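Undergrad: Below is a structure I'd like to ask you about.
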Amino acid sequence: MSSLSNMIKKEVKELLTPATLVPIIIMAIVFASLGGVIGGAQKSLTDKPVIGVIDQSQSDISGVAFRALNSTSKIVFSYNGTDPAMVQDGLNRIQTQGGSALLIFPSNFSQRISANQSAIIQVYWMMKGAGLLEGVQSSVVSLAISEMDYEVSSYLIDNKVPVSSAVILVPTQLSETTVFKDRVMTGISPAQISSVMSSQGIIVPLIIVMVVIMAGGMVITSMGTEKENKTLETLLTLPVSRTSIVVGKLAGAAIVGLIMAVIYMIGMGYYMNSLTASAAVDLSKYGIGLSVFDYVLVGISLFLALISALALCMLLGIFTKNYKAAQSMTMPITFLALIPMFVLIFSDFDTLPLAGQVLVFAIPFSHPMIAMRSLMFGDSGIVIAGIIYEAIFASVTMFIAVSLFKKDIVLTGLPKRPGKKSGWSSLIHYPGKK
Amino acid sequence: MYAIEVKDLVKSYGGITAVKGISFTVNEGEVFGLIGPNGAGKTTTLRILATLLQITSGSIKVFGHDLTTEADQVRKIISYLPEDAGAYKNLTGRDYLEFIAAFFGESAEQKHMVERGLSIARLDDRIDDKVETYSKGMARRLLVARALMIGPKVAILDELTSGLDVLNAQEVRRTVKATVKEGTTVLLSSHNMLEVELMCDRIALINDGRIIEMGSPTELKKKYDVPNVEEVFVRAVQ
């Protein structure tokens, strides 16, 4: 073997370890998952939107509009007539078929155009989630409506219907009502709701990620530094219980982490206020918002997520051997916080596939992120379930951490396996190894 | 009652047995030395006595307290100084001594401990500097002060004068001897055979996890008919 190849072999062996590969693999999985979510949204763009149509006008022009929609959309419910009860039937059908909207051509549809006014189409949007990508379906329906307008305009021109150019250019206007989580909100579109909720719902995920990375890193680094500076041995011989040591370290990091979160929230609060002001949509008049109790629940969820993160970091810290190794150990925790953040910004927990819901639910840091959006719509069940899960997760993890602190492993690391000494082993302390 | 009573102590890490059934006793007020080559099991024995490692089999009693079942009680009466111990670098020397003293007594007692620590450390004005600015010798003096200032019933000292020059080493030895006169029992491990000879009332020589010799330096020198403990070590191990 030449000197060069010998050198290359050594370098590759040193650099290509599980410690370097695992973060990249996790990152690849995160991007693949995101690709799945975004790919699903793109598919929604290419698929025909599922809608229902009620034609109360039963005129030639509404007939043109219906045929135009029929060519661009999948109409799963249609009714010609004026029975108001059929609106609810239509909404029910659309909901069960996973549709996006119910369009109603009112009885004065043709008369308004003849009177040189744009016809009003009443649209009931069926909103499924409030993630950034959830508004895609309504966008596709909006495109179908634009196509329909084009056909109606063509009809008016071809048949020389005596209307102004303004009506020919804009033959219809929408009167929008959004149905979301059993709430009927008149005068607002899913895109507006999604925009406001995403801007509000992004604060908590960002805070979680920042706090988990910073405070979690502190705990792992603290353990790494204790081992590197050889202070842990002294600490463990002092008359102080292992539980006090673990809780003391966690509480210290939690206090610093919460201070960081408050500083971060102040800055983000100003930023989000400016965004909310520009959105000019007040969701509270539709009953969407947080009560004092809701804020308490979010706070509890946030606190438990922090404790879970710190306890998990403490577990990892027990296995780290020095400061440098501690830095690498923070990677898995960072990714665990990033996964739900990305997923929940783009999508809604309710609209995730079951496997996705299980994965997101299992990550304790997800719950404050879920809580904010769910509580806005009064769905406290999932939030309380999340808080219970977080409490159990944090308790079990802390119990394991305290138990490990009573074992040799906190000083000696994992038992050495003959012939196995690479990758993560470089981060872990072995008995007798100095 | 013995200060320390070790019976058939065995310690295994995974597939490696570091200590293979050693037994010894240390009398109250005695300085007992553990000597032996690298990897013989000295530090493992000291770490077990310091409640850091669990016993695989056998038993240890410290002033009548069982080490396995009464570890919390044992920690109240011992003080352990590891060979390569460190102090918190962002604390000043004084802060560090106060931090340790806070675990051992009420405010008046703590104050007395810290004053005692300051006199042992002899760092003068530097005591209020951060530990990270200390030389190796200064840091070691601080750590010796930390270990002895609490007036432990048992001081477990691993390479007591590691990193100290001759003058500082002599001073530290004098301090330890003074502490012994006040009633502290010392279990000492060292590669410095002169130190062992100067300080220890009795010694145990460990090799490959077993005690191969035990007695006073005078007895052992006589047995091997050699002028010093270093020669005893060489003869016994070879």
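Chain labels run A, B, ... following the order of the structure tokens; each chain numbers its residues from 1, and ligands are numbered from 1 in the order shown.
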Quick one: which chain A residues come within 8 Å of chain B, and what is the nearest atom pair for each with the distance in Å to one decimal, counting only C-alpha atoms, rows ordered by chain and ascending number, as a tab-separated table?

TA:
```
residue	atom	partner	partner_atom	distance
A:Asn229	CA	B:Gly86	CA	5.3
A:Lys230	CA	B:Gly86	CA	4.9
A:Thr231	CA	B:Gly86	CA	5.2
A:Glu233	CA	B:Leu52	CA	7.1
A:Thr234	CA	B:Tyr80	CA	6.8
A:Leu236	CA	B:Leu52	CA	6.6
A:Thr237	CA	B:Arg75	CA	5.9
A:Leu238	CA	B:Arg75	CA	5.8
A:Pro239	CA	B:Arg75	CA	5.0
A:Val240	CA	B:Phe103	CA	7.1
A:Ser241	CA	B:Asp72	CA	7.5
A:Lys407	CA	B:Gln54	CA	7.0
A:Asp408	CA	B:Leu53	CA	5.1
A:Leu411	CA	B:Leu52	CA	7.8
A:Pro415	CA	B:Gly14	CA	5.3
A:Lys416	CA	B:Gly14	CA	6.8
A:Pro431	CA	B:Tyr13	CA	7.1
```

Undergrad: Got a sec: who's within 10 Å of B:Met113, counting only C-alpha atoms, leaving out chain neighbours fewer than 2 positions off, as a list in words?

TA: Leu97, Glu98, Ile100, Ala101, Ala102, Phe104, Gly105, Ser107, Ala108, Glu109, Gln110, Lys111, Glu115, Arg116, Gly117, Leu118, Ser119, Ala145, Arg146, Leu148, Met149, Ile150 and Gly151 of chain B

Undergrad: When you look at B:Tyr224 with a cut-off of 12 Å (counting only C-alpha atoms), what residues show up, excluding the ones that are within fewer than 2 positions of it in the same chain? I need them as a count of residues only.

TA: 20

Undergrad: For A:Ile382, which residue out of A:Phe365, A:Phe405, A:Phe349, A:Phe180 is the nearest one, using only C-alpha atoms?

TA: A:Phe349

Undergrad: List as a PDB file with C-alpha atoms, in the first residue's frame the protein and nucleic acid residues near B:Ser59, meaning an atom at most 8 Å away when only C-alpha atoms are counted, but skip any in the same chain fewer than 5 places from it.

TA:
```
ATOM      1  CA  VAL B   6     -12.238  -4.263  53.299  1.00  0.00           C
ATOM      2  CA  LYS B   7     -13.217  -7.928  52.931  1.00  0.00           C
ATOM      3  CA  ASP B   8     -12.728 -10.036  49.790  1.00  0.00           C
ATOM      4  CA  LEU B   9     -13.266  -7.052  47.493  1.00  0.00           C
ATOM      5  CA  ASP B  66     -21.581  -0.410  55.050  1.00  0.00           C
ATOM      6  CA  LEU B  67     -20.444   1.175  51.800  1.00  0.00           C
ATOM      7  CA  THR B  68     -23.158  -0.459  49.705  1.00  0.00           C
TER       8      THR B  68
END
```

Undergrad: By how many Å are atom CA of A:Ala215 and atom CA of A:Leu310 apart?

TA: 7.0 Å

Undergrad: Have a look at B:Leu205, B:Val196, B:Met214, B:Ala178 and name the one nearest to B:Glu159; count only C-alpha atoms.

TA: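 Closest to B:Glu159, using only C-alpha atoms: B:Val196.
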
Undergrad: Please identify all polymer residues within 8 Å of B:Ile35, counting only C-alpha atoms, omitting same-chain residues fewer than 3 positions from it, and present them as a ChimeraX atom specification.

TA: /B:42,189-191,203-206

Undergrad: Which one of A:Ile193, A:Val140, A:Ile333, A:Leu235 sits closest to B:Phe99 if you count only C-alpha atoms?

TA: A:Leu235

Undergrad: Considering only strand (DSSP E) as DSSP defines it on the backbone, what residues of stretch 33-62 of chain B qualify? List them as a ChimeraX atom specification.

TA: /B:33-35,57-62

Undergrad: Contacts of B:Arg174 at 12 Å or less, counting only C-alpha atoms, minus same-chain residues fewer than 3 places along, as an MDAnalysis selection string?

TA: chainID B and resid 120 144 160:161 167:171 177:181 195 198:199

Undergrad: Excluding A:Ile220 and any residue of its chain fewer than 5 positions from it, enumerate the residues within 8 Å of it, using only C-alpha atoms, and give them as a PyMOL selection string.

TA: chain A and resi 313-314+316-318+320+326-327+329-330

Undergrad: What would the file look like if the residues just selected were written as a compact mmCIF listing (two decimals), in the first residue's frame with N, CA and C atoms?

TA:
```txt
# COMPACT_ATOMS: atom_id res chain seq x y z
N CYS A 313 -31.18 15.15 27.28
CA CYS A 313 -29.80 15.62 27.13
C CYS A 313 -28.93 15.11 28.26
N MET A 314 -29.50 15.04 29.46
CA MET A 314 -28.75 14.53 30.60
C MET A 314 -28.36 13.06 30.36
N LEU A 316 -27.91 11.64 27.46
CA LEU A 316 -26.82 11.64 26.48
C LEU A 316 -25.52 12.11 27.13
N GLY A 317 -25.66 13.11 28.02
CA GLY A 317 -24.48 13.68 28.68
C GLY A 317 -23.76 12.65 29.53
N ILE A 318 -24.53 11.71 30.09
CA ILE A 318 -23.92 10.67 30.92
C ILE A 318 -22.92 9.85 30.10
N THR A 320 -21.27 10.95 27.41
CA THR A 320 -20.23 11.74 26.75
C THR A 320 -18.97 11.75 27.60
N ALA A 326 -19.38 16.24 23.65
CA ALA A 326 -20.69 16.78 24.05
C ALA A 326 -21.31 17.59 22.91
N GLN A 327 -20.48 18.32 22.18
CA GLN A 327 -21.00 19.11 21.07
C GLN A 327 -21.68 18.21 20.03
N MET A 329 -22.99 15.32 20.64
CA MET A 329 -24.16 14.68 21.24
C MET A 329 -25.42 15.55 21.14
N THR A 330 -25.26 16.86 20.95
CA THR A 330 -26.44 17.73 20.89
C THR A 330 -27.19 17.57 19.55
```

Undergrad: Would you please work out which residue, of B:Asn90, B:Thr175, B:Asn192, B:Ser57, is nearest to B:Arg122 when using only C-alpha atoms?

TA: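 Closest to B:Arg122, using only C-alpha atoms: B:Thr175.
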
Undergrad: Write out as a ChimeraX atom specification the set of residues from stretch 125-165 of chain B that DSSP, computed on the backbone, places in helix (DSSP H, G or I).

TA: /B:125-128,131-133,136-148

Undergrad: Restricting it to N, CA and C atoms, dump the selection as a PDB file, in the first residue's frame.

TA:
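Dumped everything to again29.pdb:
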```pdb
ATOM      1  N   ASP B 125      -3.468  36.359  47.569  1.00  0.00           N
ATOM      2  CA  ASP B 125      -4.438  37.152  46.790  1.00  0.00           C
ATOM      3  C   ASP B 125      -5.021  36.383  45.608  1.00  0.00           C
ATOM      4  N   ARG B 126      -4.263  35.388  45.157  1.00  0.00           N
ATOM      5  CA  ARG B 126      -4.729  34.644  43.978  1.00  0.00           C
ATOM      6  C   ARG B 126      -5.976  33.811  44.273  1.00  0.00           C
ATOM      7  N   ILE B 127      -6.315  33.660  45.544  1.00  0.00           N
ATOM      8  CA  ILE B 127      -7.499  32.874  45.904  1.00  0.00           C
ATOM      9  C   ILE B 127      -8.764  33.487  45.293  1.00  0.00           C
ATOM     10  N   ASP B 128      -8.715  34.795  45.015  1.00  0.00           N
ATOM     11  CA  ASP B 128      -9.885  35.445  44.422  1.00  0.00           C
ATOM     12  C   ASP B 128      -9.802  35.534  42.900  1.00  0.00           C
ATOM     13  N   VAL B 131     -10.077  29.908  38.845  1.00  0.00           N
ATOM     14  CA  VAL B 131      -9.250  28.701  38.878  1.00  0.00           C
ATOM     15  C   VAL B 131      -8.542  28.489  37.547  1.00  0.00           C
ATOM     16  N   GLU B 132      -9.178  28.915  36.453  1.00  0.00           N
ATOM     17  CA  GLU B 132      -8.588  28.682  35.129  1.00  0.00           C
ATOM     18  C   GLU B 132      -7.244  29.404  34.968  1.00  0.00           C
ATOM     19  N   THR B 133      -6.992  30.386  35.839  1.00  0.00           N
ATOM     20  CA  THR B 133      -5.718  31.122  35.736  1.00  0.00           C
ATOM     21  C   THR B 133      -4.619  30.492  36.586  1.00  0.00           C
ATOM     22  N   LYS B 136      -0.589  24.493  37.576  1.00  0.00           N
ATOM     23  CA  LYS B 136      -0.938  23.137  38.005  1.00  0.00           C
ATOM     24  C   LYS B 136      -0.732  22.975  39.515  1.00  0.00           C
ATOM     25  N   GLY B 137       0.381  23.530  40.000  1.00  0.00           N
ATOM     26  CA  GLY B 137       0.690  23.427  41.434  1.00  0.00           C
ATOM     27  C   GLY B 137      -0.326  24.158  42.286  1.00  0.00           C
ATOM     28  N   MET B 138      -0.726  25.358  41.839  1.00  0.00           N
ATOM     29  CA  MET B 138      -1.718  26.143  42.599  1.00  0.00           C
ATOM     30  C   MET B 138      -3.052  25.401  42.639  1.00  0.00           C
ATOM     31  N   ALA B 139      -3.423  24.841  41.507  1.00  0.00           N
ATOM     32  CA  ALA B 139      -4.702  24.117  41.448  1.00  0.00           C
ATOM     33  C   ALA B 139      -4.670  22.909  42.377  1.00  0.00           C
ATOM     34  N   ARG B 140      -3.502  22.220  42.407  1.00  0.00           N
ATOM     35  CA  ARG B 140      -3.401  21.041  43.260  1.00  0.00           C
ATOM     36  C   ARG B 140      -3.492  21.443  44.735  1.00  0.00           C
ATOM     37  N   ARG B 141      -2.861  22.573  45.095  1.00  0.00           N
ATOM     38  CA  ARG B 141      -2.928  23.035  46.491  1.00  0.00           C
ATOM     39  C   ARG B 141      -4.375  23.363  46.874  1.00  0.00           C
ATOM     40  N   LEU B 142      -5.094  23.953  45.928  1.00  0.00           N
ATOM     41  CA  LEU B 142      -6.507  24.268  46.181  1.00  0.00           C
ATOM     42  C   LEU B 142      -7.299  22.981  46.416  1.00  0.00           C
ATOM     43  N   LEU B 143      -6.990  21.966  45.602  1.00  0.00           N
ATOM     44  CA  LEU B 143      -7.734  20.713  45.716  1.00  0.00           C
ATOM     45  C   LEU B 143      -7.385  19.967  47.004  1.00  0.00           C
ATOM     46  N   VAL B 144      -6.122  20.034  47.397  1.00  0.00           N
ATOM     47  CA  VAL B 144      -5.732  19.426  48.678  1.00  0.00           C
ATOM     48  C   VAL B 144      -6.469  20.149  49.808  1.00  0.00           C
ATOM     49  N   ALA B 145      -6.538  21.470  49.691  1.00  0.00           N
ATOM     50  CA  ALA B 145      -7.251  22.266  50.701  1.00  0.00           C
ATOM     51  C   ALA B 145      -8.716  21.865  50.749  1.00  0.00           C
ATOM     52  N   ARG B 146      -9.299  21.700  49.580  1.00  0.00           N
ATOM     53  CA  ARG B 146     -10.710  21.277  49.507  1.00  0.00           C
ATOM     54  C   ARG B 146     -10.903  19.934  50.212  1.00  0.00           C
ATOM     55  N   ALA B 147      -9.962  19.018  49.994  1.00  0.00           N
ATOM     56  CA  ALA B 147     -10.116  17.671  50.553  1.00  0.00           C
ATOM     57  C   ALA B 147      -9.938  17.656  52.071  1.00  0.00           C
ATOM     58  N   LEU B 148      -9.056  18.503  52.576  1.00  0.00           N
ATOM     59  CA  LEU B 148      -8.724  18.426  54.010  1.00  0.00           C
ATOM     60  C   LEU B 148      -9.473  19.428  54.879  1.00  0.00           C
TER      61      LEU B 148
END
```

Undergrad: Check the smallest atom-to-atom distance from each of A:His367, A:Lys181, A:Lys74, A:Arg373 to A:Val196 using only C-alpha atoms, then report the winner.

TA: A:Arg373

Undergrad: As an exercise, work out the distance from atom CA of A:Val22 to atom CA of A:Ser328 in Å and give it to one decimal place.

TA: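 Distance reported for this atom pair: 10.4 Å.
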